[in-house]
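S.K.: Take a look at query_8.txt, compact mmCIF, C-alpha atoms and all ligand atoms:
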```
# COMPACT_ATOMS: atom_id res chain seq x y z
CA MET A 1 -12.05 25.22 -3.49
CA GLU A 2 -13.93 22.01 -4.13
CA VAL A 3 -12.50 19.28 -1.85
CA LEU A 4 -12.84 16.32 -4.23
CA MET A 5 -10.06 16.66 -6.77
CA SER A 6 -11.86 14.52 -9.34
CA ASN A 7 -14.41 17.34 -9.38
CA TRP A 8 -11.80 19.92 -10.38
CA SER A 9 -11.36 20.74 -14.02
CA GLN A 10 -9.24 17.96 -15.45
CA SER A 11 -6.32 20.14 -16.43
CA VAL A 12 -4.58 21.56 -13.37
CA GLU A 13 -1.79 23.84 -14.59
CA SER A 14 0.30 24.05 -11.44
CA LEU A 15 0.35 22.32 -8.09
CA PRO A 16 -1.77 24.21 -5.56
CA GLU A 17 0.31 25.32 -2.57
CA ASN A 18 -1.52 23.15 -0.06
CA TYR A 19 -0.35 20.01 -1.90
CA ILE A 20 3.37 20.88 -1.76
CA PHE A 21 5.16 18.85 0.91
CA PRO A 22 8.02 20.22 3.00
CA LEU A 23 11.45 19.47 1.49
CA ASN A 24 12.21 16.45 3.69
CA LYS A 25 8.96 14.74 2.72
CA ARG A 26 8.98 15.34 -1.03
CA PRO A 27 9.79 12.41 -3.27
CA GLY A 28 11.96 14.73 -5.40
CA ASN A 29 13.15 14.31 -8.95
CA GLN A 30 15.21 11.17 -8.51
CA VAL A 31 14.50 8.17 -10.70
CA PHE A 32 13.43 5.28 -8.49
CA PRO A 33 14.55 1.75 -9.39
CA VAL A 34 11.93 -0.70 -10.58
CA TRP A 35 11.52 -3.75 -8.34
CA LYS A 36 11.98 -6.37 -11.03
CA ASN A 37 11.97 -9.59 -9.04
CA ILE A 38 8.79 -9.09 -7.03
CA PRO A 39 7.71 -12.64 -6.14
CA LEU A 40 5.05 -13.89 -8.56
CA ILE A 41 3.03 -16.83 -7.32
CA ASP A 42 0.87 -18.92 -9.64
CA LEU A 43 -2.13 -20.20 -7.69
CA GLU A 44 -3.44 -22.40 -10.50
CA THR A 45 -1.86 -25.55 -9.22
CA GLU A 46 -2.85 -24.84 -5.63
CA GLU A 47 -5.06 -27.96 -5.37
CA SER A 48 -2.40 -30.35 -6.52
CA GLN A 49 0.78 -31.71 -5.07
CA ASN A 50 2.30 -28.27 -5.59
CA ARG A 51 0.42 -26.93 -2.59
CA ALA A 52 3.39 -27.27 -0.28
CA ALA A 53 5.62 -25.50 -2.81
CA ILE A 54 3.14 -22.61 -3.11
CA ILE A 55 2.92 -22.30 0.67
CA LYS A 56 6.69 -22.10 0.82
CA GLN A 57 6.74 -19.40 -1.86
CA ILE A 58 4.18 -17.34 0.10
CA PHE A 59 6.14 -17.65 3.33
CA ASP A 60 9.48 -16.89 1.68
CA ALA A 61 8.05 -13.83 -0.07
CA SER A 62 6.30 -12.55 3.05
CA GLN A 63 9.35 -12.97 5.23
CA GLU A 64 11.82 -11.49 2.82
CA PHE A 65 9.89 -8.75 1.06
CA GLY A 66 6.55 -8.40 2.82
CA PHE A 67 4.43 -8.84 -0.26
CA PHE A 68 3.91 -10.73 -3.50
CA GLN A 69 1.83 -10.86 -6.67
CA VAL A 70 -0.53 -13.65 -7.66
CA ILE A 71 -1.80 -14.90 -11.00
CA ASN A 72 -4.48 -17.52 -11.68
CA HIS A 73 -6.11 -16.15 -8.53
CA GLY A 74 -9.67 -17.05 -9.54
CA VAL A 75 -10.83 -13.51 -10.38
CA PRO A 76 -11.45 -13.46 -14.15
CA VAL A 77 -9.41 -10.82 -15.94
CA SER A 78 -12.55 -9.69 -17.83
CA LEU A 79 -14.25 -9.02 -14.46
CA MET A 80 -11.17 -7.13 -13.24
CA ASP A 81 -11.27 -4.96 -16.37
CA ASP A 82 -15.03 -4.40 -16.10
CA THR A 83 -14.70 -3.35 -12.47
CA MET A 84 -11.81 -0.99 -13.20
CA ASN A 85 -13.88 0.59 -15.99
CA VAL A 86 -16.88 1.00 -13.68
CA PHE A 87 -14.71 2.91 -11.18
CA LYS A 88 -13.15 5.06 -13.89
CA GLU A 89 -16.68 5.91 -15.02
CA PHE A 90 -17.72 6.59 -11.45
CA PHE A 91 -14.90 9.10 -10.95
CA ASN A 92 -15.91 10.78 -14.22
CA MET A 93 -19.54 11.22 -13.13
CA PRO A 94 -20.88 14.76 -12.55
CA ALA A 95 -19.54 16.57 -9.48
CA GLU A 96 -22.93 16.76 -7.73
CA TYR A 97 -23.41 13.02 -7.98
CA LYS A 98 -20.04 12.16 -6.42
CA SER A 99 -20.49 14.86 -3.80
CA SER A 100 -23.71 13.18 -2.66
CA PHE A 101 -21.48 10.42 -1.19
CA TYR A 102 -19.06 12.85 0.46
CA SER A 103 -18.39 12.19 4.15
CA THR A 104 -15.42 12.14 6.50
CA ASP A 105 -17.35 10.15 9.09
CA ILE A 106 -15.86 6.63 9.17
CA SER A 107 -19.08 5.17 10.52
CA GLN A 108 -20.66 6.09 7.16
CA LYS A 109 -20.54 2.81 5.27
CA CYS A 110 -20.31 4.17 1.73
CA ARG A 111 -18.45 7.40 1.23
CA ILE A 112 -16.07 9.47 -0.83
CA TYR A 113 -13.46 11.85 0.60
CA SER A 114 -10.15 13.38 -0.42
CA SER A 115 -6.54 13.05 0.83
CA THR A 116 -6.94 11.53 4.33
CA LEU A 117 -9.69 11.51 6.95
CA ASN A 118 -7.82 14.41 8.47
CA TYR A 119 -8.41 16.75 5.51
CA ASP A 120 -9.69 19.63 7.61
CA LYS A 121 -6.73 19.60 10.00
CA GLU A 122 -3.77 18.56 7.83
CA GLU A 123 -1.45 21.27 6.53
CA VAL A 124 -0.68 19.54 3.26
CA HIS A 125 -3.10 17.32 1.36
CA TYR A 126 -2.32 14.10 -0.47
CA TRP A 127 -3.15 14.00 -4.16
CA ARG A 128 -6.02 11.54 -4.08
CA ASP A 129 -9.73 10.96 -3.77
CA ASN A 130 -10.90 7.76 -2.10
CA PHE A 131 -14.22 6.01 -2.50
CA THR A 132 -14.88 3.25 -0.01
CA HIS A 133 -17.69 0.96 1.08
CA HIS A 134 -18.45 -2.25 2.90
CA CYS A 135 -19.12 -5.31 0.77
CA HIS A 136 -19.61 -8.45 2.84
CA PRO A 137 -22.11 -9.95 2.68
CA VAL A 138 -23.04 -8.10 -0.50
CA GLU A 139 -26.79 -8.23 0.18
CA ASP A 140 -26.36 -6.36 3.47
CA HIS A 141 -24.62 -3.43 1.82
CA VAL A 142 -25.60 -3.22 -1.84
CA ASP A 143 -28.42 -0.75 -1.16
CA SER A 144 -25.90 1.83 0.03
CA TRP A 145 -23.80 1.53 -3.16
CA PRO A 146 -24.07 3.87 -6.14
CA GLU A 147 -26.78 3.17 -8.70
CA LYS A 148 -24.71 4.86 -11.40
CA PRO A 149 -22.94 3.75 -13.51
CA THR A 150 -25.90 1.42 -14.05
CA ARG A 151 -23.70 -1.70 -14.02
CA TYR A 152 -22.16 -0.71 -10.68
CA ARG A 153 -24.01 -2.97 -8.27
CA GLU A 154 -23.90 -6.04 -10.46
CA VAL A 155 -20.23 -5.76 -11.44
CA VAL A 156 -18.89 -4.66 -8.05
CA GLY A 157 -21.03 -7.29 -6.28
CA THR A 158 -19.57 -10.11 -8.35
CA TYR A 159 -16.07 -8.68 -8.04
CA SER A 160 -16.34 -8.43 -4.22
CA ILE A 161 -17.43 -12.05 -3.90
CA LYS A 162 -14.63 -13.33 -6.15
CA MET A 163 -12.03 -11.20 -4.37
CA ARG A 164 -13.09 -12.52 -0.99
CA LYS A 165 -12.93 -16.09 -2.21
CA SER A 166 -9.45 -15.58 -3.58
CA LEU A 167 -8.19 -13.91 -0.39
CA LEU A 168 -9.64 -16.69 1.77
CA LYS A 169 -7.91 -19.26 -0.43
CA ILE A 170 -4.61 -17.45 0.14
CA LEU A 171 -5.35 -17.25 3.87
CA ASP A 172 -5.96 -21.01 3.87
CA LEU A 173 -2.54 -21.55 2.32
CA ILE A 174 -1.07 -19.30 5.01
CA CYS A 175 -2.77 -21.07 7.91
CA GLU A 176 -1.70 -24.42 6.54
CA GLY A 177 1.87 -23.11 6.48
CA MET A 178 1.41 -22.07 10.12
CA GLY A 179 0.41 -25.62 10.98
CA HIS A 180 -3.30 -24.83 11.50
CA LYS A 181 -6.24 -26.39 9.81
CA GLN A 182 -7.96 -24.62 6.94
CA GLY A 183 -10.51 -22.00 7.90
CA TYR A 184 -8.42 -20.51 10.72
CA PHE A 185 -9.05 -17.03 9.30
CA ASP A 186 -12.50 -17.62 7.83
CA ASN A 187 -14.41 -16.17 10.79
CA GLU A 188 -14.50 -12.92 12.76
CA LEU A 189 -10.83 -12.37 11.84
CA SER A 190 -11.78 -11.58 8.25
CA LYS A 191 -15.44 -10.65 8.71
CA THR A 192 -15.38 -7.08 7.48
CA GLN A 193 -14.62 -6.53 3.82
CA LEU A 194 -13.94 -3.02 2.60
CA LEU A 195 -13.49 -1.91 -0.93
CA SER A 196 -11.25 1.14 -1.13
CA VAL A 197 -10.75 2.82 -4.48
CA ASN A 198 -8.04 5.43 -4.91
CA HIS A 199 -8.23 7.89 -7.74
CA HIS A 200 -5.48 10.37 -8.57
CA ILE A 201 -6.02 12.89 -11.35
CA PRO A 202 -2.89 13.80 -13.42
CA CYS A 203 -0.56 15.81 -11.22
CA PRO A 204 1.34 18.87 -12.52
CA ASN A 205 4.41 18.12 -10.40
CA PRO A 206 4.85 14.60 -8.98
CA SER A 207 8.22 15.51 -7.40
CA LEU A 208 6.57 17.79 -4.83
CA THR A 209 3.69 15.68 -3.58
CA LEU A 210 2.42 12.16 -2.90
CA GLY A 211 -0.74 10.26 -3.75
CA MET A 212 -0.69 8.37 -0.43
CA PRO A 213 1.53 8.61 2.64
CA GLU A 214 4.01 5.90 3.53
CA HIS A 215 2.19 3.33 5.63
CA SER A 216 1.62 -0.32 6.45
CA ASP A 217 -1.92 -1.62 6.10
CA PRO A 218 -3.50 -1.95 9.56
CA ASN A 219 -5.96 -4.71 8.60
CA LEU A 220 -5.51 -8.48 8.19
CA ILE A 221 -4.72 -8.67 4.48
CA THR A 222 -5.14 -6.54 1.36
CA MET A 223 -5.51 -7.40 -2.31
CA LEU A 224 -4.54 -4.54 -4.58
CA HIS A 225 -5.68 -4.24 -8.18
CA GLN A 226 -3.76 -1.59 -10.11
CA CYS A 227 -4.65 -0.01 -13.44
CA SER A 228 -1.88 0.33 -16.03
CA VAL A 229 -0.52 3.60 -14.61
CA PRO A 230 2.38 3.05 -12.17
CA GLY A 231 2.63 4.79 -8.79
CA LEU A 232 2.96 2.17 -6.05
CA GLN A 233 6.33 2.13 -4.25
CA VAL A 234 7.57 -0.22 -1.57
CA PHE A 235 10.39 0.54 0.89
CA LEU A 236 12.93 -2.26 0.52
CA ASN A 237 16.48 -2.44 1.86
CA GLY A 238 16.54 1.24 2.67
CA GLN A 239 15.18 2.55 -0.61
CA TRP A 240 11.90 3.18 -2.41
CA MET A 241 11.30 0.86 -5.35
CA ASN A 242 8.61 1.13 -8.03
CA VAL A 243 6.13 -1.73 -8.33
CA GLU A 244 5.09 -1.74 -11.97
CA PRO A 245 1.57 -2.93 -12.72
CA MET A 246 1.35 -6.38 -14.31
CA PRO A 247 -1.83 -6.96 -16.32
CA GLY A 248 -4.07 -9.60 -14.74
CA ALA A 249 -1.97 -9.95 -11.58
CA LEU A 250 -3.09 -8.93 -8.09
CA ILE A 251 -0.81 -7.70 -5.33
CA VAL A 252 -1.19 -9.28 -1.91
CA ILE A 253 -0.20 -7.05 1.00
CA PRO A 254 -0.11 -8.70 4.44
CA GLY A 255 -1.53 -6.31 7.02
CA LEU A 256 -0.33 -5.66 10.55
CA GLN A 257 -2.79 -8.18 12.02
CA LEU A 258 -1.23 -10.96 9.94
CA LYS A 259 2.16 -9.91 11.26
CA VAL A 260 0.87 -10.25 14.84
CA ILE A 261 -1.02 -13.52 14.30
CA THR A 262 2.04 -15.11 12.64
CA ASN A 263 4.08 -13.80 15.60
CA GLY A 264 6.27 -11.75 13.30
CA LYS A 265 6.86 -14.46 10.66
CA PHE A 266 5.13 -12.22 8.15
CA SER A 267 6.09 -8.62 7.77
CA SER A 268 3.75 -5.89 6.67
CA PRO A 269 5.51 -3.84 3.98
CA ILE A 270 5.83 -0.07 4.07
CA HIS A 271 4.47 1.39 0.88
CA ARG A 272 3.33 4.71 -0.60
CA VAL A 273 1.92 6.13 -3.81
CA MET A 274 3.53 8.55 -6.26
CA THR A 275 1.46 10.61 -8.66
CA ASP A 276 1.68 10.64 -12.45
CA SER A 277 1.90 13.77 -14.56
CA ALA A 278 0.32 12.36 -17.69
CA GLU A 279 -2.50 10.06 -16.72
CA ALA A 280 -5.13 9.56 -14.03
CA ARG A 281 -4.49 6.50 -11.85
CA THR A 282 -7.17 4.32 -10.27
CA THR A 283 -6.53 1.38 -7.92
CA ILE A 284 -8.96 -0.95 -6.20
CA GLY A 285 -8.04 -2.28 -2.77
CA THR A 286 -9.94 -5.12 -1.11
CA PHE A 287 -9.33 -5.16 2.64
CA LEU A 288 -10.24 -8.00 4.97
CA ILE A 289 -10.55 -6.63 8.50
CA PRO A 290 -11.27 -8.33 11.85
CA SER A 291 -14.51 -7.55 13.71
CA HIS A 292 -14.01 -4.83 16.30
CA ASP A 293 -14.38 -6.95 19.41
CA ILE A 294 -12.50 -10.06 18.37
CA LEU A 295 -9.34 -10.98 20.29
CA ILE A 296 -6.19 -10.87 18.18
CA GLU A 297 -3.08 -12.62 19.39
CA PRO A 298 -0.17 -14.64 18.01
CA ALA A 299 -1.32 -18.14 17.02
CA LYS A 300 0.40 -21.00 18.81
CA ASP A 301 3.11 -22.15 16.42
CA GLY A 302 4.00 -25.52 17.85
CA GLU A 303 7.65 -24.47 17.87
CA GLY A 304 7.55 -23.15 21.41
CA ASN A 305 8.25 -19.54 20.39
CA LEU A 306 7.11 -17.01 22.98
CA PRO A 307 4.39 -14.64 21.79
CA VAL A 308 5.96 -11.36 20.72
CA TYR A 309 2.64 -9.53 21.11
CA ARG A 310 -0.05 -9.56 23.76
CA GLY A 311 -3.69 -10.12 22.89
CA TYR A 312 -5.92 -7.13 22.10
CA THR A 313 -9.12 -6.32 20.28
CA TYR A 314 -9.01 -4.83 16.79
CA LYS A 315 -10.90 -1.83 18.15
CA GLU A 316 -8.10 -1.26 20.67
CA PHE A 317 -5.45 -1.65 17.97
CA PHE A 318 -7.16 0.68 15.54
CA SER A 319 -7.55 3.48 18.04
CA THR A 320 -3.88 3.11 19.07
CA PHE A 321 -2.87 3.10 15.37
CA THR A 322 -4.77 6.27 14.50
CA GLY A 323 -3.60 7.83 17.78
CA SER A 324 0.01 7.15 16.72
CA ASN A 325 -0.46 9.06 13.48
CA CYS A 326 -0.85 5.73 11.67
CA ASP A 327 2.78 4.81 12.42
CA ALA A 328 2.95 1.01 12.42
CA ASP A 329 6.04 0.63 14.63
CA THR A 330 4.72 2.98 17.29
CA ALA A 331 1.33 1.26 17.32
CA LEU A 332 2.71 -2.30 17.39
CA GLY A 333 5.18 -1.25 20.09
CA CYS A 334 2.24 -0.69 22.43
CA PHE A 335 1.25 -4.35 22.12
CA LYS A 336 4.66 -5.99 22.41
CA ASN A 337 5.39 -8.31 25.31
CA LYS A 338 8.49 -7.49 27.31
CA ALA A 339 11.43 -9.56 26.04
C1 LIG B 1 -3.83 1.31 0.23
C2 LIG B 1 -2.67 1.37 -0.69
C3 LIG B 1 -1.80 1.55 -2.91
C4 LIG B 1 -2.21 1.98 -4.26
O1 LIG B 1 -4.94 1.61 -0.24
O2 LIG B 1 -3.64 0.98 1.42
O3 LIG B 1 -1.58 1.21 -0.22
O4 LIG B 1 -1.40 1.80 -5.18
N1 LIG B 1 -2.88 1.57 -1.99
O5 LIG B 1 -3.31 2.53 -4.41
NI NI B 2 -1.71 0.31 1.72
```
Translate the structure described by the file into structure tokens.
M.R.:
Amino acid sequence: MEVLMSNWSQSVESLPENYIFPLNKRPGNQVFPVWKNIPLIDLETEESQNRAAIIKQIFDASQEFGFFQVINHGVPVSLMDDTMNVFKEFFNMPAEYKSSFYSTDISQKCRIYSSTLNYDKEEVHYWRDNFTHHCHPVEDHVDSWPEKPTRYREVVGTYSIKMRKSLLKILDLICEGMGHKQGYFDNELSKTQLLSVNHHIPCPNPSLTLGMPEHSDPNLITMLHQCSVPGLQVFLNGQWMNVEPMPGALIVIPGLQLKVITNGKFSSPIHRVMTDSAEARTTIGTFLIPSHDILIEPAKDGEGNLPVYRGYTYKEFFSTFTGSNCDADTALGCFKNKA
């Protein structure tokens, strides 16, 4: 069977057996509550006297819930729509074209794969294709990007630059809230920028499978751009809650490195993706990731708190994370200082 599910015929009548999760891992038929009061932060007034209030909102949201949505983030809604359309077109391109980017080798800087990087070994597959590539600085990577759809390089290039700018602005608000001067993160800590596009074709039985496993993001910070089809869930107060897409808004997900650098002030939310029976779902994630050899450690907070974590390189963290089956608690546990 063709590995990339977006290369299957678009109407799958029943869920293939190797996508059916064991009973204890299935989402089931229950109706999940919608998370209605997800913090919504308006960044428009960020330059004015409201800066302190916005910083407080970011810290409150990150401590209490782990993540938040932003509006007036500096990425024009028309550009967001254009980019989403380019990716929808990309996933509808002929099978041979998409397959030319197929690779499970993570050192390959522009690639498409299905389910997880463990496709060949996993017993059950997740219901997704993922297309991912590096994008900072754009000129260093653009030659590896698709040439079709024809607008791809222009639209995705502009989008990547705007997304980075917006994330760095949010990181500046965060470092100011930590008592550090602006630019604390604008260096090797955020050097690598990955675009990661998930695509899930309509699924014949969403109760039996998942579009993405439950996880925390291992990087520094993520910006998630959803299309209008729901699917994202966050684990809050012991239950899974649906995060409904809000047109024009972006979701900010603090990664595990932000949790460590803020010495646990920020949490990194556990989230997963459900599938949809009626419509295909596409989401665009922008990940800022530290350089491999940079030292990561809790920033001094001026409050005399002892560092919860010891210093390590991102390379060391990432290999521990993948070696712990991508379980955040297990991986972070390896870097905790003794109390
Ligand atoms: C991710 C992720 C959620 C989504 O890519 O890390 O959590 O809705 N994506 O696609
Ligand atoms: Ni994630």
S.K.: List the spatial neighbours of region 187-198 of chain A as a ChimeraX atom specification - criterion: any atom at most 10 Å away, all atoms listed in the file, same-chain residues fewer than 6 positions off excluded.
M.R.: /A:84,87-88,91,109-112,114-115,127-138,156,160-161,163-164,167-168,171,211-212,219-226,257-258,281-296,314
S.K.: Mind listing the residues within 8 Å of ligand NI 2 (chain B), only C-alpha atoms and all ligand atoms counted, as a JSON list (two decimals) with C-alpha atoms, in the coordinates of the input?
M.R.:
```
[["chain", "number", "residue", "atom", "x", "y", "z"],
["A", 215, "HIS", "CA", 2.19, 3.33, 5.63],
["A", 216, "SER", "CA", 1.62, -0.32, 6.45],
["A", 217, "ASP", "CA", -1.92, -1.62, 6.10],
["A", 222, "THR", "CA", -5.14, -6.54, 1.36],
["A", 253, "ILE", "CA", -0.20, -7.05, 1.00],
["A", 270, "ILE", "CA", 5.83, -0.07, 4.07],
["A", 271, "HIS", "CA", 4.47, 1.39, 0.88],
["A", 272, "ARG", "CA", 3.33, 4.71, -0.60]]
```
S.K.: Let me make sure I understand: among A:Phe67, A:Tyr19, A:Phe317, A:Phe90, which one has the smallest atom-to-atom distance to ligand LIG 1 (chain B) if we use only C-alpha atoms and all ligand atoms?
M.R.: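 Among the listed residues, the smallest separation from ligand LIG 1 (chain B) belongs to A:Phe67.
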S.K.: Which of these, A:Trp8, A:Cys175, A:Val31, A:Asn305, has the shortest distance to Trp240 (chain A) once you count all atoms listed in the file?
M.R.: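 Answer, going by the shortest atom-to-atom distance: A:Val31.
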S.K.: Within 12 Å of (9.9, 12.9, -8.9) (coordinates as in the file), grab all the protein and nucleic acid residues, counting all atoms listed in the file, and write them out as a list in words.
M.R.: Lys25, Arg26, Pro27, Gly28, Asn29, Gln30, Val31, Phe32, Cys203, Pro204, Asn205, Pro206, Ser207, Leu208, Thr209, Leu210, Gly231, Trp240, Asn242, Val273, Met274, Thr275, Asp276 and Ser277 of chain A
S.K.: Quick one: of A:Glu297, A:Glu279, A:Asp81, A:Glu176, who's nearest to Phe59 (chain A), counting all atoms listed in the file?
M.R.: A:Glu176
S.K.: To one decimal in Å, tell me the separation between CA of Asp301 (chain A) and CA of Gly264 (chain A).
M.R.: 11.3 Å
S.K.: Could you check how far CA of Thr158 (chain A) sits from CA of Gly66 (chain A), in Å to one decimal?
M.R.: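 We find that CA of Thr158 (chain A) and CA of Gly66 (chain A) lie 28.5 Å from each other.
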S.K.: Just the number, please: distance in Å from CA of Val86 (chain A) to CA of Glu244 (chain A), one decimal.
M.R.: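 Between these atoms lies a distance of 22.2 Å.
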S.K.: In terms of the shortest atom-to-atom distance over all atoms listed in the file, which of A:Glu64, A:Glu214, A:Asp327, A:Asp82 is closest to ligand LIG 1 (chain B)?
M.R.: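 Looking at the shortest contact to ligand LIG 1 (chain B), the residue is A:Glu214.
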S.K.: Considering only C-alpha atoms and all ligand atoms, can you say which of A:Asn24, A:Ser267, A:Ser228, A:Asn72 comes closest to ligand LIG 1 (chain B)?
M.R.: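 Nearest candidate to ligand LIG 1 (chain B) out of A:Asn24, A:Ser267, A:Ser228, A:Asn72: A:Ser228.
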S.K.: Could you check the closest approach to Val75 (chain A) for each of A:Tyr113, A:Tyr119, A:Trp35, A:Tyr159 and tell me which residue wins, using only C-alpha atoms?
M.R.: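 Among the listed residues, A:Tyr159 lies closest to Val75 (chain A).
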S.K.: Identify, on the basis of all atoms listed in the file, every residue whose closest approach to Asn18 (chain A) does not exceed 7 Å; exclude the query and any residue fewer than 3 positions from it along the same chain; express the result as a ChimeraX atom specification.
M.R.: /A:123-125
